[in-house]
Amino acid sequence: MEQSLSITLAQITILIIILGFAVVSSVLHYHWTRYGISEKSISKIKKIYFGVSSFLILLMVMSLIYLIL
Amino acid sequence: MIEFHKDEKIILEQRKHWYIIATESFMFAIGAIAPLILIPIIAGYSSSFSSYFSSNLPLFIFFFSAWTLLMWVSFFVLWTNYYLDIIIVTDKRVIDIEQLGLFARDQAEVRLENIQDIKVEVIGIVESLLRLGNIHIQSAGQSREILAKGFPDPHIIKNTIVKAQDERLRKHRNERYAS
């Protein structure tokens, strides 16, 4: 019971986080491209931002899969 | 996006001092590593928590990743706000842009010939050592003054503005005499 509650909570959390991440990332992307940050800097920032974020999301998904299985 | 006039020349572009972002992001760094410090401490005191932690490690990894992602995204929001704050001095005007949040942006500008007074403020030990301060620009015919906070070498920025203003006024005078 406790385990299934944790899994449900984790599933809801991941949905909220991915949705929030998508919204905030698109707003950030808009600011980076709209307000005159150089192309070279933007590509570097994007690589760092999306690289680390993808790693963290992957870690979350893997933990969730492990929990479900 | 700032639109410059065709014949406008940028003299100085200055972002805020790195100290501003360093102090603000320090809190996020502490927040991100806090679970790594707190969990072993709590586990050391409570044996039931310790056994729960070791049997539910994937769940802890999940919530730790979620927490770190939250801190990471918040840091980038903060960095974007920092990076988009800029003061630009051209041969015609001074533009101060302040990003107040993701959906709030304040852009103030004053023409060089309208500047009446410039005041520089460096308050505090750290600020004095790192040479960061505020610049107040008072303009004629405008009740509001421009306040640019937390810029490095504010005296250099002030001197640049004064020099650009002198040049602008000299140019105006010469044009008037010529006509």
# chains A, B, ... in the order shown; residues from 1 in each chain; ligands from 1
$ closest_atom_pairs --of "chain A" --to "chain B" --cutoff "9 Å" --atoms "only C-alpha atoms" --output "Markdown table"
| residue | atom | partner | partner_atom | distance |
| --- | --- | --- | --- | --- |
| A:Gln3 | CA | B:Asn56 | CA | 9.0 |
| A:Ser6 | CA | B:Leu59 | CA | 7.7 |
| A:Ile7 | CA | B:Leu59 | CA | 8.2 |
| A:Ala10 | CA | B:Phe62 | CA | 7.5 |
| A:Thr13 | CA | B:Ala66 | CA | 8.1 |
| A:Ile14 | CA | B:Ala66 | CA | 7.7 |
| A:Ile17 | CA | B:Ala66 | CA | 7.3 |
| A:Phe21 | CA | B:Val73 | CA | 7.6 |
| A:Val24 | CA | B:Val73 | CA | 7.8 |
| A:Ser25 | CA | B:Val73 | CA | 8.0 |
| A:Val27 | CA | B:Leu102 | CA | 7.4 |
| A:Leu28 | CA | B:Val77 | CA | 7.0 |
| A:His31 | CA | B:Thr80 | CA | 7.7 |
| A:Trp32 | CA | B:Thr80 | CA | 7.6 |
| A:Arg34 | CA | B:Met1 | CA | 6.4 |
| A:Tyr35 | CA | B:Met1 | CA | 4.9 |
| A:Gly36 | CA | B:Met1 | CA | 6.3 |
| A:Ile37 | CA | B:Leu84 | CA | 8.2 |
| A:Tyr49 | CA | B:Phe76 | CA | 7.8 |
| A:Val52 | CA | B:Trp72 | CA | 8.3 |
| A:Ser53 | CA | B:Leu69 | CA | 6.3 |
| A:Leu56 | CA | B:Ser65 | CA | 5.5 |
| A:Ile57 | CA | B:Ser65 | CA | 7.3 |
| A:Leu59 | CA | B:Ser65 | CA | 6.7 |
| A:Met60 | CA | B:Phe62 | CA | 4.7 |
| A:Val61 | CA | B:Phe62 | CA | 7.8 |
| A:Met62 | CA | B:Phe62 | CA | 8.3 |
| A:Ser63 | CA | B:Pro58 | CA | 5.0 |
| A:Leu64 | CA | B:Phe62 | CA | 6.8 |
| A:Tyr66 | CA | B:Pro58 | CA | 6.9 |
| A:Leu67 | CA | B:Pro58 | CA | 6.5 |
$ residues_around --residues "B:Asp96" --least-positions-apart "5" --cutoff "9 Å" --atoms "only C-alpha atoms" --output "JSON, numbers by chain"
{"B": [85, 86, 87, 88, 89, 106, 107, 108, 109, 110, 146, 147, 148]}
$ write_last_selection --atoms "N, CA and C atoms" --output "compact mmCIF listing (two decimals), in the first residue's frame"
# COMPACT_ATOMS: atom_id res chain seq x y z
N ASP B 85 20.19 42.16 -17.59
CA ASP B 85 20.34 43.50 -17.00
C ASP B 85 21.58 44.12 -17.59
N ILE B 86 21.41 45.24 -18.24
CA ILE B 86 22.57 45.83 -18.92
C ILE B 86 22.43 47.36 -19.00
N ILE B 87 23.57 48.02 -18.98
CA ILE B 87 23.56 49.47 -19.22
C ILE B 87 24.36 49.70 -20.51
N ILE B 88 23.77 50.47 -21.41
CA ILE B 88 24.42 50.74 -22.69
C ILE B 88 24.59 52.25 -22.84
N VAL B 89 25.81 52.65 -23.14
CA VAL B 89 26.09 54.07 -23.40
C VAL B 89 26.41 54.19 -24.88
N ASP B 106 12.10 46.26 -17.56
CA ASP B 106 12.03 47.71 -17.46
C ASP B 106 13.18 48.29 -18.28
N GLN B 107 12.83 49.12 -19.26
CA GLN B 107 13.86 49.74 -20.10
C GLN B 107 13.73 51.26 -19.99
N ALA B 108 14.78 51.89 -19.44
CA ALA B 108 14.76 53.35 -19.30
C ALA B 108 15.89 53.93 -20.12
N GLU B 109 15.64 55.07 -20.74
CA GLU B 109 16.72 55.70 -21.48
C GLU B 109 16.68 57.21 -21.34
N VAL B 110 17.83 57.80 -21.43
CA VAL B 110 17.91 59.26 -21.33
C VAL B 110 18.91 59.75 -22.38
N ILE B 146 17.19 57.53 -13.43
CA ILE B 146 17.58 56.16 -13.77
C ILE B 146 18.49 55.66 -12.67
N LEU B 147 18.18 54.49 -12.15
CA LEU B 147 19.02 53.90 -11.12
C LEU B 147 19.52 52.55 -11.61
N ALA B 148 20.81 52.51 -11.88
CA ALA B 148 21.44 51.26 -12.34
C ALA B 148 22.18 50.64 -11.16
$ decode --residues "stretch 28-64 of chain A" --atoms "N, CA and C atoms" --output "mmCIF file, in the first residue's frame"
data_model
loop_
_atom_site.group_PDB
_atom_site.id
_atom_site.type_symbol
_atom_site.label_atom_id
_atom_site.label_comp_id
_atom_site.auth_asym_id
_atom_site.auth_seq_id
_atom_site.Cartn_x
_atom_site.Cartn_y
_atom_site.Cartn_z
ATOM 1 N N LEU A 28 12.427 30.623 -21.179
ATOM 2 C CA LEU A 28 13.857 30.959 -21.128
ATOM 3 C C LEU A 28 14.434 31.052 -22.539
ATOM 4 N N HIS A 29 14.074 30.087 -23.376
ATOM 5 C CA HIS A 29 14.550 30.072 -24.762
ATOM 6 C C HIS A 29 14.119 31.342 -25.494
ATOM 7 N N TYR A 30 12.888 31.755 -25.233
ATOM 8 C CA TYR A 30 12.363 32.985 -25.842
ATOM 9 C C TYR A 30 13.224 34.180 -25.430
ATOM 10 N N HIS A 31 13.555 34.273 -24.143
ATOM 11 C CA HIS A 31 14.367 35.387 -23.647
ATOM 12 C C HIS A 31 15.773 35.357 -24.228
ATOM 13 N N TRP A 32 16.361 34.161 -24.308
ATOM 14 C CA TRP A 32 17.735 34.039 -24.807
ATOM 15 C C TRP A 32 17.838 34.453 -26.273
ATOM 16 N N THR A 33 16.796 34.117 -27.047
ATOM 17 C CA THR A 33 16.866 34.443 -28.475
ATOM 18 C C THR A 33 16.348 35.851 -28.781
ATOM 19 N N ARG A 34 15.449 36.348 -27.946
ATOM 20 C CA ARG A 34 14.786 37.626 -28.226
ATOM 21 C C ARG A 34 15.640 38.834 -27.826
ATOM 22 N N TYR A 35 16.340 38.725 -26.678
ATOM 23 C CA TYR A 35 16.952 39.931 -26.127
ATOM 24 C C TYR A 35 18.461 40.042 -26.317
ATOM 25 N N GLY A 36 18.910 39.661 -27.484
ATOM 26 C CA GLY A 36 20.254 40.006 -27.901
ATOM 27 C C GLY A 36 21.410 39.313 -27.212
ATOM 28 N N ILE A 37 21.272 38.044 -26.838
ATOM 29 C CA ILE A 37 22.434 37.286 -26.378
ATOM 30 C C ILE A 37 23.056 36.680 -27.641
ATOM 31 N N SER A 38 24.370 36.753 -27.748
ATOM 32 C CA SER A 38 25.024 36.311 -28.987
ATOM 33 C C SER A 38 24.789 34.827 -29.268
ATOM 34 N N GLU A 39 24.790 34.519 -30.564
ATOM 35 C CA GLU A 39 24.491 33.157 -31.034
ATOM 36 C C GLU A 39 25.437 32.120 -30.423
ATOM 37 N N LYS A 40 26.711 32.524 -30.320
ATOM 38 C CA LYS A 40 27.744 31.620 -29.789
ATOM 39 C C LYS A 40 27.461 31.289 -28.311
ATOM 40 N N SER A 41 27.113 32.336 -27.539
ATOM 41 C CA SER A 41 26.808 32.129 -26.119
ATOM 42 C C SER A 41 25.556 31.280 -25.948
ATOM 43 N N ILE A 42 24.527 31.561 -26.783
ATOM 44 C CA ILE A 42 23.255 30.832 -26.663
ATOM 45 C C ILE A 42 23.473 29.334 -26.852
ATOM 46 N N SER A 43 24.266 28.974 -27.881
ATOM 47 C CA SER A 43 24.445 27.542 -28.148
ATOM 48 C C SER A 43 25.165 26.865 -26.971
ATOM 49 N N LYS A 44 26.112 27.577 -26.356
ATOM 50 C CA LYS A 44 26.829 27.022 -25.197
ATOM 51 C C LYS A 44 25.875 26.863 -24.000
ATOM 52 N N ILE A 45 25.083 27.916 -23.754
ATOM 53 C CA ILE A 45 24.125 27.901 -22.636
ATOM 54 C C ILE A 45 23.122 26.764 -22.823
ATOM 55 N N LYS A 46 22.610 26.638 -24.066
ATOM 56 C CA LYS A 46 21.614 25.597 -24.352
ATOM 57 C C LYS A 46 22.187 24.217 -24.086
ATOM 58 N N LYS A 47 23.448 24.011 -24.519
ATOM 59 C CA LYS A 47 24.089 22.695 -24.336
ATOM 60 C C LYS A 47 24.173 22.355 -22.841
ATOM 61 N N ILE A 48 24.621 23.316 -22.040
ATOM 62 C CA ILE A 48 24.761 23.071 -20.594
ATOM 63 C C ILE A 48 23.384 22.846 -19.961
ATOM 64 N N TYR A 49 22.453 23.769 -20.255
ATOM 65 C CA TYR A 49 21.123 23.725 -19.630
ATOM 66 C C TYR A 49 20.381 22.433 -19.975
ATOM 67 N N PHE A 50 20.269 22.159 -21.282
ATOM 68 C CA PHE A 50 19.499 20.983 -21.687
ATOM 69 C C PHE A 50 20.255 19.683 -21.399
ATOM 70 N N GLY A 51 21.580 19.721 -21.422
ATOM 71 C CA GLY A 51 22.389 18.539 -21.115
ATOM 72 C C GLY A 51 22.155 18.065 -19.697
ATOM 73 N N VAL A 52 22.330 18.967 -18.737
ATOM 74 C CA VAL A 52 22.153 18.606 -17.315
ATOM 75 C C VAL A 52 20.681 18.258 -17.030
ATOM 76 N N SER A 53 19.766 19.042 -17.606
ATOM 77 C CA SER A 53 18.338 18.780 -17.374
ATOM 78 C C SER A 53 17.947 17.406 -17.898
ATOM 79 N N SER A 54 18.430 17.060 -19.096
ATOM 80 C CA SER A 54 18.106 15.749 -19.681
ATOM 81 C C SER A 54 18.625 14.628 -18.794
ATOM 82 N N PHE A 55 19.847 14.823 -18.277
ATOM 83 C CA PHE A 55 20.436 13.806 -17.393
ATOM 84 C C PHE A 55 19.557 13.602 -16.151
ATOM 85 N N LEU A 56 19.105 14.705 -15.564
ATOM 86 C CA LEU A 56 18.287 14.629 -14.344
ATOM 87 C C LEU A 56 16.924 13.992 -14.632
ATOM 88 N N ILE A 57 16.330 14.342 -15.782
ATOM 89 C CA ILE A 57 15.030 13.765 -16.149
ATOM 90 C C ILE A 57 15.194 12.261 -16.402
ATOM 91 N N LEU A 58 16.289 11.906 -17.070
ATOM 92 C CA LEU A 58 16.577 10.490 -17.342
ATOM 93 C C LEU A 58 16.726 9.702 -16.037
ATOM 94 N N LEU A 59 17.410 10.324 -15.090
ATOM 95 C CA LEU A 59 17.610 9.701 -13.773
ATOM 96 C C LEU A 59 16.258 9.482 -13.076
ATOM 97 N N MET A 60 15.379 10.487 -13.209
ATOM 98 C CA MET A 60 14.046 10.386 -12.613
ATOM 99 C C MET A 60 13.240 9.259 -13.266
ATOM 100 N N VAL A 61 13.277 9.234 -14.596
ATOM 101 C CA VAL A 61 12.510 8.210 -15.335
ATOM 102 C C VAL A 61 13.021 6.808 -14.989
ATOM 103 N N MET A 62 14.352 6.666 -14.936
ATOM 104 C CA MET A 62 14.936 5.358 -14.622
ATOM 105 C C MET A 62 14.556 4.896 -13.217
ATOM 106 N N SER A 63 14.584 5.838 -12.257
ATOM 107 C CA SER A 63 14.195 5.493 -10.886
ATOM 108 C C SER A 63 12.730 5.071 -10.836
ATOM 109 N N LEU A 64 11.907 5.798 -11.597
ATOM 110 C CA LEU A 64 10.472 5.487 -11.630
ATOM 111 C C LEU A 64 10.228 4.109 -12.228
#
